[in-house]
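K.L.:
This is work34.cif, which holds mmCIF, N, CA and C atoms, pLDDT in the B column; chains and numbers go by the auth columns:
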data_query
loop_
_atom_site.group_PDB
_atom_site.id
_atom_site.type_symbol
_atom_site.label_atom_id
_atom_site.label_comp_id
_atom_site.label_asym_id
_atom_site.label_seq_id
_atom_site.Cartn_x
_atom_site.Cartn_y
_atom_site.Cartn_z
_atom_site.B_iso_or_equiv
_atom_site.auth_seq_id
_atom_site.auth_asym_id
ATOM 1 N N MET A 1 13.194 2.656 -3.766 75.00 28 A
ATOM 2 C CA MET A 1 11.914 2.349 -4.367 75.00 28 A
ATOM 3 C C MET A 1 11.516 0.894 -4.092 75.00 28 A
ATOM 4 N N GLU A 2 12.517 0.028 -3.938 83.00 29 A
ATOM 5 C CA GLU A 2 12.209 -1.372 -3.651 83.00 29 A
ATOM 6 C C GLU A 2 11.498 -1.511 -2.313 83.00 29 A
ATOM 7 N N LEU A 3 11.888 -0.681 -1.372 85.00 30 A
ATOM 8 C CA LEU A 3 11.245 -0.697 -0.062 85.00 30 A
ATOM 9 C C LEU A 3 9.762 -0.339 -0.179 85.00 30 A
ATOM 10 N N VAL A 4 9.451 0.610 -1.015 87.00 31 A
ATOM 11 C CA VAL A 4 8.055 1.016 -1.218 87.00 31 A
ATOM 12 C C VAL A 4 7.251 -0.135 -1.803 87.00 31 A
ATOM 13 N N VAL A 5 7.807 -0.826 -2.774 90.00 32 A
ATOM 14 C CA VAL A 5 7.104 -1.940 -3.405 90.00 32 A
ATOM 15 C C VAL A 5 6.856 -3.064 -2.406 90.00 32 A
ATOM 16 N N ILE A 6 7.853 -3.384 -1.614 90.00 33 A
ATOM 17 C CA ILE A 6 7.707 -4.472 -0.634 90.00 33 A
ATOM 18 C C ILE A 6 6.677 -4.112 0.433 90.00 33 A
ATOM 19 N N VAL A 7 6.794 -2.936 1.003 91.00 34 A
ATOM 20 C CA VAL A 7 5.880 -2.520 2.064 91.00 34 A
ATOM 21 C C VAL A 7 4.457 -2.385 1.534 91.00 34 A
ATOM 22 N N SER A 8 4.288 -1.799 0.371 91.00 35 A
ATOM 23 C CA SER A 8 2.934 -1.614 -0.151 91.00 35 A
ATOM 24 C C SER A 8 2.300 -2.934 -0.565 91.00 35 A
ATOM 25 N N THR A 9 3.092 -3.884 -1.042 91.00 36 A
ATOM 26 C CA THR A 9 2.542 -5.201 -1.371 91.00 36 A
ATOM 27 C C THR A 9 2.047 -5.914 -0.119 91.00 36 A
ATOM 28 N N ILE A 10 2.822 -5.863 0.930 92.00 37 A
ATOM 29 C CA ILE A 10 2.428 -6.528 2.178 92.00 37 A
ATOM 30 C C ILE A 10 1.202 -5.857 2.788 92.00 37 A
ATOM 31 N N THR A 11 1.191 -4.538 2.861 93.00 38 A
ATOM 32 C CA THR A 11 0.045 -3.852 3.453 93.00 38 A
ATOM 33 C C THR A 11 -1.206 -4.005 2.602 93.00 38 A
ATOM 34 N N SER A 12 -1.067 -3.996 1.291 92.00 39 A
ATOM 35 C CA SER A 12 -2.258 -4.163 0.449 92.00 39 A
ATOM 36 C C SER A 12 -2.805 -5.580 0.554 92.00 39 A
ATOM 37 N N PHE A 13 -1.921 -6.572 0.654 91.00 40 A
ATOM 38 C CA PHE A 13 -2.403 -7.936 0.823 91.00 40 A
ATOM 39 C C PHE A 13 -3.232 -8.074 2.092 91.00 40 A
ATOM 40 N N PHE A 14 -2.696 -7.594 3.202 92.00 41 A
ATOM 41 C CA PHE A 14 -3.422 -7.735 4.458 92.00 41 A
ATOM 42 C C PHE A 14 -4.671 -6.864 4.508 92.00 41 A
ATOM 43 N N SER A 15 -4.629 -5.687 3.935 92.00 42 A
ATOM 44 C CA SER A 15 -5.828 -4.840 3.973 92.00 42 A
ATOM 45 C C SER A 15 -6.932 -5.427 3.102 92.00 42 A
ATOM 46 N N HIS A 16 -6.598 -5.958 1.932 89.00 43 A
ATOM 47 C CA HIS A 16 -7.631 -6.575 1.091 89.00 43 A
ATOM 48 C C HIS A 16 -8.096 -7.904 1.665 89.00 43 A
ATOM 49 N N PHE A 17 -7.239 -8.579 2.406 89.00 44 A
ATOM 50 C CA PHE A 17 -7.631 -9.837 3.039 89.00 44 A
ATOM 51 C C PHE A 17 -8.587 -9.594 4.200 89.00 44 A
ATOM 52 N N LEU A 18 -8.374 -8.527 4.946 91.00 45 A
ATOM 53 C CA LEU A 18 -9.165 -8.267 6.139 91.00 45 A
ATOM 54 C C LEU A 18 -10.375 -7.368 5.896 91.00 45 A
ATOM 55 N N ILE A 19 -10.356 -6.535 4.859 90.00 46 A
ATOM 56 C CA ILE A 19 -11.420 -5.571 4.618 90.00 46 A
ATOM 57 C C ILE A 19 -12.147 -5.943 3.325 90.00 46 A
ATOM 58 N N GLU A 20 -13.461 -6.035 3.386 87.00 47 A
ATOM 59 C CA GLU A 20 -14.260 -6.455 2.237 87.00 47 A
ATOM 60 C C GLU A 20 -14.387 -5.371 1.170 87.00 47 A
ATOM 61 N N ARG A 21 -14.592 -4.130 1.566 90.00 48 A
ATOM 62 C CA ARG A 21 -14.819 -3.048 0.614 90.00 48 A
ATOM 63 C C ARG A 21 -13.497 -2.627 -0.013 90.00 48 A
ATOM 64 N N ALA A 22 -13.466 -2.567 -1.335 88.00 49 A
ATOM 65 C CA ALA A 22 -12.223 -2.297 -2.060 88.00 49 A
ATOM 66 C C ALA A 22 -11.719 -0.876 -1.824 88.00 49 A
ATOM 67 N N LEU A 23 -12.612 0.093 -1.790 91.00 50 A
ATOM 68 C CA LEU A 23 -12.184 1.480 -1.610 91.00 50 A
ATOM 69 C C LEU A 23 -11.547 1.691 -0.244 91.00 50 A
ATOM 70 N N VAL A 24 -12.150 1.140 0.786 93.00 51 A
ATOM 71 C CA VAL A 24 -11.608 1.272 2.142 93.00 51 A
ATOM 72 C C VAL A 24 -10.285 0.516 2.255 93.00 51 A
ATOM 73 N N ALA A 25 -10.206 -0.654 1.630 91.00 52 A
ATOM 74 C CA ALA A 25 -8.963 -1.431 1.665 91.00 52 A
ATOM 75 C C ALA A 25 -7.845 -0.705 0.933 91.00 52 A
ATOM 76 N N ASN A 26 -8.154 -0.089 -0.214 92.00 53 A
ATOM 77 C CA ASN A 26 -7.138 0.672 -0.945 92.00 53 A
ATOM 78 C C ASN A 26 -6.662 1.865 -0.137 92.00 53 A
ATOM 79 N N LEU A 27 -7.585 2.587 0.448 93.00 54 A
ATOM 80 C CA LEU A 27 -7.221 3.762 1.237 93.00 54 A
ATOM 81 C C LEU A 27 -6.371 3.369 2.443 93.00 54 A
ATOM 82 N N THR A 28 -6.764 2.323 3.127 93.00 55 A
ATOM 83 C CA THR A 28 -6.012 1.839 4.283 93.00 55 A
ATOM 84 C C THR A 28 -4.607 1.395 3.874 93.00 55 A
ATOM 85 N N SER A 29 -4.536 0.681 2.778 93.00 56 A
ATOM 86 C CA SER A 29 -3.251 0.195 2.299 93.00 56 A
ATOM 87 C C SER A 29 -2.313 1.334 1.933 93.00 56 A
ATOM 88 N N VAL A 30 -2.821 2.330 1.219 93.00 57 A
ATOM 89 C CA VAL A 30 -1.971 3.453 0.807 93.00 57 A
ATOM 90 C C VAL A 30 -1.491 4.247 2.010 93.00 57 A
ATOM 91 N N LEU A 31 -2.377 4.508 2.941 93.00 58 A
ATOM 92 C CA LEU A 31 -1.977 5.262 4.135 93.00 58 A
ATOM 93 C C LEU A 31 -0.939 4.505 4.954 93.00 58 A
ATOM 94 N N CYS A 32 -1.176 3.234 5.177 93.00 59 A
ATOM 95 C CA CYS A 32 -0.222 2.440 5.968 93.00 59 A
ATOM 96 C C CYS A 32 1.124 2.321 5.263 93.00 59 A
ATOM 97 N N ALA A 33 1.119 2.050 3.970 92.00 60 A
ATOM 98 C CA ALA A 33 2.382 1.899 3.243 92.00 60 A
ATOM 99 C C ALA A 33 3.159 3.207 3.214 92.00 60 A
ATOM 100 N N THR A 34 2.458 4.326 3.021 89.00 61 A
ATOM 101 C CA THR A 34 3.133 5.617 2.994 89.00 61 A
ATOM 102 C C THR A 34 3.719 5.957 4.354 89.00 61 A
ATOM 103 N N LEU A 35 2.958 5.734 5.412 90.00 62 A
ATOM 104 C CA LEU A 35 3.453 6.034 6.747 90.00 62 A
ATOM 105 C C LEU A 35 4.616 5.137 7.154 90.00 62 A
ATOM 106 N N ILE A 36 4.516 3.854 6.857 90.00 63 A
ATOM 107 C CA ILE A 36 5.593 2.936 7.217 90.00 63 A
ATOM 108 C C ILE A 36 6.867 3.292 6.460 90.00 63 A
ATOM 109 N N THR A 37 6.740 3.552 5.164 87.00 64 A
ATOM 110 C CA THR A 37 7.914 3.912 4.372 87.00 64 A
ATOM 111 C C THR A 37 8.512 5.225 4.853 87.00 64 A
ATOM 112 N N TRP A 38 7.656 6.204 5.124 83.00 65 A
ATOM 113 C CA TRP A 38 8.148 7.492 5.606 83.00 65 A
ATOM 114 C C TRP A 38 8.862 7.342 6.947 83.00 65 A
ATOM 115 N N LEU A 39 8.306 6.531 7.837 85.00 66 A
ATOM 116 C CA LEU A 39 8.952 6.319 9.133 85.00 66 A
ATOM 117 C C LEU A 39 10.294 5.601 8.996 85.00 66 A
ATOM 118 N N LEU A 40 10.374 4.626 8.101 84.00 67 A
ATOM 119 C CA LEU A 40 11.646 3.943 7.887 84.00 67 A
ATOM 120 C C LEU A 40 12.698 4.881 7.304 84.00 67 A
ATOM 121 N N ILE A 41 12.291 5.739 6.395 80.00 68 A
ATOM 122 C CA ILE A 41 13.235 6.708 5.828 80.00 68 A
ATOM 123 C C ILE A 41 13.615 7.742 6.878 80.00 68 A
ATOM 124 N N PHE A 42 12.645 8.191 7.668 77.00 69 A
ATOM 125 C CA PHE A 42 12.887 9.212 8.692 77.00 69 A
ATOM 126 C C PHE A 42 13.871 8.722 9.747 77.00 69 A
ATOM 127 N N THR A 43 13.787 7.441 10.130 77.00 70 A
ATOM 128 C CA THR A 43 14.711 6.924 11.141 77.00 70 A
ATOM 129 C C THR A 43 16.136 6.832 10.612 77.00 70 A
ATOM 130 N N GLN A 44 16.289 6.702 9.309 76.00 71 A
ATOM 131 C CA GLN A 44 17.633 6.621 8.728 76.00 71 A
ATOM 132 C C GLN A 44 18.248 7.995 8.491 76.00 71 A
ATOM 133 N N THR A 45 17.412 8.981 8.111 73.00 72 A
ATOM 134 C CA THR A 45 17.959 10.301 7.796 73.00 72 A
ATOM 135 C C THR A 45 17.911 11.248 8.982 73.00 72 A
ATOM 136 N N GLU A 46 16.996 11.023 9.915 67.00 73 A
ATOM 137 C CA GLU A 46 16.814 11.819 11.130 67.00 73 A
ATOM 138 C C GLU A 46 16.461 13.276 10.854 67.00 73 A
ATOM 139 N N THR A 47 16.021 13.582 9.661 62.00 74 A
ATOM 140 C CA THR A 47 15.527 14.921 9.354 62.00 74 A
ATOM 141 C C THR A 47 14.298 14.805 8.476 62.00 74 A
ATOM 142 N N VAL A 48 13.390 15.740 8.636 58.00 75 A
ATOM 143 C CA VAL A 48 12.189 15.749 7.813 58.00 75 A
ATOM 144 C C VAL A 48 12.527 16.239 6.410 58.00 75 A
ATOM 145 N N ALA A 49 13.554 17.052 6.290 60.00 76 A
ATOM 146 C CA ALA A 49 13.946 17.588 4.988 60.00 76 A
ATOM 147 C C ALA A 49 14.486 16.495 4.068 60.00 76 A
ATOM 148 N N GLY A 50 14.862 15.355 4.633 55.00 77 A
ATOM 149 C CA GLY A 50 15.374 14.259 3.823 55.00 77 A
ATOM 150 C C GLY A 50 14.321 13.654 2.922 55.00 77 A
ATOM 151 N N VAL A 51 13.067 13.792 3.282 62.00 78 A
ATOM 152 C CA VAL A 51 11.977 13.249 2.485 62.00 78 A
ATOM 153 C C VAL A 51 11.171 14.424 1.937 62.00 78 A
ATOM 154 N N ALA A 52 11.287 14.655 0.664 74.00 79 A
ATOM 155 C CA ALA A 52 10.556 15.748 0.038 74.00 79 A
ATOM 156 C C ALA A 52 9.101 15.334 -0.174 74.00 79 A
ATOM 157 N N TYR A 53 8.244 16.344 -0.292 79.00 80 A
ATOM 158 C CA TYR A 53 6.824 16.057 -0.505 79.00 80 A
ATOM 159 C C TYR A 53 6.587 15.378 -1.843 79.00 80 A
ATOM 160 N N GLN A 54 7.407 15.675 -2.825 82.00 81 A
ATOM 161 C CA GLN A 54 7.273 15.016 -4.122 82.00 81 A
ATOM 162 C C GLN A 54 7.559 13.517 -3.974 82.00 81 A
ATOM 163 N N GLN A 55 8.539 13.170 -3.172 82.00 82 A
ATOM 164 C CA GLN A 55 8.833 11.757 -2.940 82.00 82 A
ATOM 165 C C GLN A 55 7.692 11.070 -2.196 82.00 82 A
ATOM 166 N N LEU A 56 7.077 11.769 -1.253 82.00 83 A
ATOM 167 C CA LEU A 56 5.928 11.196 -0.552 82.00 83 A
ATOM 168 C C LEU A 56 4.770 10.949 -1.498 82.00 83 A
ATOM 169 N N MET A 57 4.560 11.848 -2.444 87.00 84 A
ATOM 170 C CA MET A 57 3.488 11.659 -3.421 87.00 84 A
ATOM 171 C C MET A 57 3.793 10.480 -4.348 87.00 84 A
ATOM 172 N N ILE A 58 5.052 10.312 -4.706 88.00 85 A
ATOM 173 C CA ILE A 58 5.434 9.167 -5.537 88.00 85 A
ATOM 174 C C ILE A 58 5.249 7.871 -4.760 88.00 85 A
ATOM 175 N N ILE A 59 5.608 7.881 -3.490 87.00 86 A
ATOM 176 C CA ILE A 59 5.401 6.703 -2.640 87.00 86 A
ATOM 177 C C ILE A 59 3.919 6.359 -2.563 87.00 86 A
ATOM 178 N N ALA A 60 3.072 7.362 -2.350 89.00 87 A
ATOM 179 C CA ALA A 60 1.628 7.129 -2.266 89.00 87 A
ATOM 180 C C ALA A 60 1.070 6.627 -3.593 89.00 87 A
ATOM 181 N N LEU A 61 1.554 7.164 -4.702 92.00 88 A
ATOM 182 C CA LEU A 61 1.071 6.733 -6.013 92.00 88 A
ATOM 183 C C LEU A 61 1.465 5.288 -6.304 92.00 88 A
ATOM 184 N N VAL A 62 2.691 4.924 -6.001 92.00 89 A
ATOM 185 C CA VAL A 62 3.133 3.544 -6.202 92.00 89 A
ATOM 186 C C VAL A 62 2.344 2.595 -5.303 92.00 89 A
ATOM 187 N N ALA A 63 2.105 2.993 -4.068 92.00 90 A
ATOM 188 C CA ALA A 63 1.324 2.165 -3.146 92.00 90 A
ATOM 189 C C ALA A 63 -0.110 2.004 -3.638 92.00 90 A
ATOM 190 N N LEU A 64 -0.675 3.058 -4.217 92.00 91 A
ATOM 191 C CA LEU A 64 -2.041 2.988 -4.748 92.00 91 A
ATOM 192 C C LEU A 64 -2.123 2.039 -5.934 92.00 91 A
ATOM 193 N N VAL A 65 -1.177 2.111 -6.833 94.00 92 A
ATOM 194 C CA VAL A 65 -1.180 1.226 -8.001 94.00 92 A
ATOM 195 C C VAL A 65 -1.037 -0.228 -7.573 94.00 92 A
ATOM 196 N N ILE A 66 -0.138 -0.494 -6.650 93.00 93 A
ATOM 197 C CA ILE A 66 0.044 -1.870 -6.177 93.00 93 A
ATOM 198 C C ILE A 66 -1.198 -2.350 -5.441 93.00 93 A
ATOM 199 N N SER A 67 -1.824 -1.468 -4.687 92.00 94 A
ATOM 200 C CA SER A 67 -3.047 -1.845 -3.978 92.00 94 A
ATOM 201 C C SER A 67 -4.177 -2.170 -4.954 92.00 94 A
ATOM 202 N N PHE A 68 -4.285 -1.410 -6.040 94.00 95 A
ATOM 203 C CA PHE A 68 -5.293 -1.715 -7.055 94.00 95 A
ATOM 204 C C PHE A 68 -5.051 -3.083 -7.688 94.00 95 A
ATOM 205 N N VAL A 69 -3.805 -3.389 -7.982 94.00 96 A
ATOM 206 C CA VAL A 69 -3.483 -4.677 -8.601 94.00 96 A
ATOM 207 C C VAL A 69 -3.793 -5.825 -7.646 94.00 96 A
ATOM 208 N N VAL A 70 -3.386 -5.689 -6.403 92.00 97 A
ATOM 209 C CA VAL A 70 -3.676 -6.736 -5.414 92.00 97 A
ATOM 210 C C VAL A 70 -5.187 -6.848 -5.198 92.00 97 A
ATOM 211 N N GLY A 71 -5.895 -5.730 -5.194 90.00 98 A
ATOM 212 C CA GLY A 71 -7.348 -5.754 -5.053 90.00 98 A
ATOM 213 C C GLY A 71 -8.023 -6.472 -6.205 90.00 98 A
ATOM 214 N N MET A 72 -7.527 -6.275 -7.435 91.00 99 A
ATOM 215 C CA MET A 72 -8.099 -6.983 -8.586 91.00 99 A
ATOM 216 C C MET A 72 -7.852 -8.481 -8.477 91.00 99 A
ATOM 217 N N VAL A 73 -6.690 -8.868 -7.983 92.00 100 A
ATOM 218 C CA VAL A 73 -6.398 -10.291 -7.798 92.00 100 A
ATOM 219 C C VAL A 73 -7.341 -10.897 -6.758 92.00 100 A
ATOM 220 N N PHE A 74 -7.572 -10.187 -5.655 87.00 101 A
ATOM 221 C CA PHE A 74 -8.491 -10.685 -4.634 87.00 101 A
ATOM 222 C C PHE A 74 -9.919 -10.774 -5.169 87.00 101 A
ATOM 223 N N THR A 75 -10.353 -9.786 -5.943 85.00 102 A
ATOM 224 C CA THR A 75 -11.697 -9.812 -6.523 85.00 102 A
ATOM 225 C C THR A 75 -11.852 -10.983 -7.471 85.00 102 A
ATOM 226 N N TYR A 76 -10.871 -11.197 -8.314 89.00 103 A
ATOM 227 C CA TYR A 76 -10.915 -12.323 -9.259 89.00 103 A
ATOM 228 C C TYR A 76 -10.906 -13.650 -8.509 89.00 103 A
ATOM 229 N N HIS A 77 -10.130 -13.745 -7.460 85.00 104 A
ATOM 230 C CA HIS A 77 -10.072 -14.975 -6.676 85.00 104 A
ATOM 231 C C HIS A 77 -11.414 -15.262 -6.002 85.00 104 A
ATOM 232 N N LYS A 78 -12.076 -14.229 -5.496 81.00 105 A
ATOM 233 C CA LYS A 78 -13.384 -14.416 -4.863 81.00 105 A
ATOM 234 C C LYS A 78 -14.417 -14.853 -5.874 81.00 105 A
ATOM 235 N N LYS A 79 -14.370 -14.326 -7.109 82.00 106 A
ATOM 236 C CA LYS A 79 -15.300 -14.727 -8.158 82.00 106 A
ATOM 237 C C LYS A 79 -15.084 -16.190 -8.521 82.00 106 A
ATOM 238 N N CYS A 80 -13.840 -16.608 -8.652 85.00 107 A
ATOM 239 C CA CYS A 80 -13.540 -17.979 -9.033 85.00 107 A
ATOM 240 C C CYS A 80 -13.889 -18.983 -7.930 85.00 107 A
ATOM 241 N N SER A 81 -13.744 -18.586 -6.705 80.00 108 A
ATOM 242 C CA SER A 81 -14.017 -19.515 -5.592 80.00 108 A
ATOM 243 C C SER A 81 -15.523 -19.696 -5.384 80.00 108 A
ATOM 244 N N ARG A 82 -16.339 -18.752 -5.822 76.00 109 A
ATOM 245 C CA ARG A 82 -17.794 -18.878 -5.673 76.00 109 A
ATOM 246 C C ARG A 82 -18.394 -19.794 -6.725 76.00 109 A
ATOM 247 N N GLN A 83 -17.748 -19.952 -7.862 70.00 110 A
ATOM 248 C CA GLN A 83 -18.322 -20.747 -8.961 70.00 110 A
ATOM 249 C C GLN A 83 -18.115 -22.203 -8.764 70.00 110 A
#
Could the structure of this file be written out as structure tokens, please?
P.N.:
Amino acid sequence: MELVVIVSTITSFFSHFLIERALVANLTSVLCATLITWLLIFTQTETVAGVAYQQLMIIALVALVISFVVGMVFTYHKKCSRQ
């Protein structure tokens, strides 16, 4: 689970930094974090059965929550820098 948190934090930071629209940045972040995590797990287990669909959904949910939090921080930072 630590791997999911690290990967999703990094991808959400860069997606919110590079993409202005929050919905597109969240979607991009969740997809990238889920794919990267799945690929890292797949290379270690070498079977698709090693990663259950329930685990993929948990990975996507954790990535979405982290992306929302990072997005709120970026939104707040943009508001403060304009004043």
K.L.:
Restricting the calculation to all atoms listed in the file: of A:Arg109, A:Glu29, A:Leu83, A:Ser56, which residue gets closest to Ser42 (chain A)?
P.N.:
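Among the listed residues, the smallest separation from Ser42 (chain A) belongs to A:Ser56.
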K.L.:
Edge lengths and centre, in Å to one decimal, as AutoDock Vina command-line options: that's what I need for the box along x, y and z that holds all listed atoms of region 58-66 of chain A plus 5 Å on each side.
P.N.:
--center_x 4.0 --center_y 4.7 --center_z 6.0 --size_x 22.7 --size_y 15.6 --size_z 16.2
K.L.:
Could you list the residues chosen by the PyMOL selection byres ((chain A and resi 30-32) around 8) in this structure as a list in words?
P.N.:
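Those residues are Met28, Glu29, Ile33, Val34, Ser35, Thr36, Ile37, Thr38, Ala60, Thr61, Thr64, Ile86, Val89, Ala90 and Ile93 of chain A.
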K.L.:
Could you check how far CA of Val97 (chain A) sits from CA of Tyr80 (chain A), in Å to one decimal?
P.N.:
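Rounded to one decimal, the two atoms are 25.6 Å apart.
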K.L.:
Can you take region 44-56 of chain A from the block and write N, CA, C and O atoms as a tab-separated table (two decimals), in the first residue's frame?
P.N.:
chain	number	residue	atom	x	y	z
A	44	PHE	N	0.09	20.04	-11.43
A	44	PHE	CA	1.03	21.10	-11.79
A	44	PHE	C	0.95	21.43	-13.27
A	44	PHE	O	1.03	22.60	-13.66
A	45	LEU	N	0.77	20.42	-14.10
A	45	LEU	CA	0.79	20.62	-15.55
A	45	LEU	C	-0.59	20.86	-16.16
A	45	LEU	O	-0.69	21.46	-17.23
A	46	ILE	N	-1.67	20.41	-15.52
A	46	ILE	CA	-3.01	20.50	-16.08
A	46	ILE	C	-3.84	21.45	-15.23
A	46	ILE	O	-3.91	21.30	-14.01
A	47	GLU	N	-4.47	22.42	-15.86
A	47	GLU	CA	-5.24	23.44	-15.14
A	47	GLU	C	-6.58	22.92	-14.61
A	47	GLU	O	-6.97	23.24	-13.51
A	48	ARG	N	-7.29	22.13	-15.40
A	48	ARG	CA	-8.62	21.66	-15.01
A	48	ARG	C	-8.49	20.53	-13.99
A	48	ARG	O	-7.79	19.55	-14.22
A	49	ALA	N	-9.20	20.66	-12.89
A	49	ALA	CA	-9.07	19.71	-11.78
A	49	ALA	C	-9.60	18.32	-12.15
A	49	ALA	O	-8.99	17.32	-11.78
A	50	LEU	N	-10.70	18.26	-12.87
A	50	LEU	CA	-11.27	16.95	-13.21
A	50	LEU	C	-10.34	16.17	-14.13
A	50	LEU	O	-10.11	14.97	-13.91
A	51	VAL	N	-9.77	16.83	-15.11
A	51	VAL	CA	-8.85	16.16	-16.04
A	51	VAL	C	-7.57	15.76	-15.31
A	51	VAL	O	-7.04	14.67	-15.52
A	52	ALA	N	-7.10	16.62	-14.41
A	52	ALA	CA	-5.89	16.30	-13.64
A	52	ALA	C	-6.13	15.12	-12.72
A	52	ALA	O	-5.27	14.24	-12.60
A	53	ASN	N	-7.30	15.06	-12.07
A	53	ASN	CA	-7.62	13.92	-11.21
A	53	ASN	C	-7.71	12.64	-12.01
A	53	ASN	O	-7.18	11.60	-11.59
A	54	LEU	N	-8.38	12.68	-13.13
A	54	LEU	CA	-8.52	11.49	-13.96
A	54	LEU	C	-7.17	11.00	-14.47
A	54	LEU	O	-6.86	9.81	-14.41
A	55	THR	N	-6.35	11.92	-14.92
A	55	THR	CA	-5.01	11.57	-15.41
A	55	THR	C	-4.16	10.97	-14.29
A	55	THR	O	-3.48	9.96	-14.48
A	56	SER	N	-4.24	11.58	-13.13
A	56	SER	CA	-3.46	11.10	-12.00
A	56	SER	C	-3.88	9.69	-11.58
A	56	SER	O	-3.03	8.83	-11.32
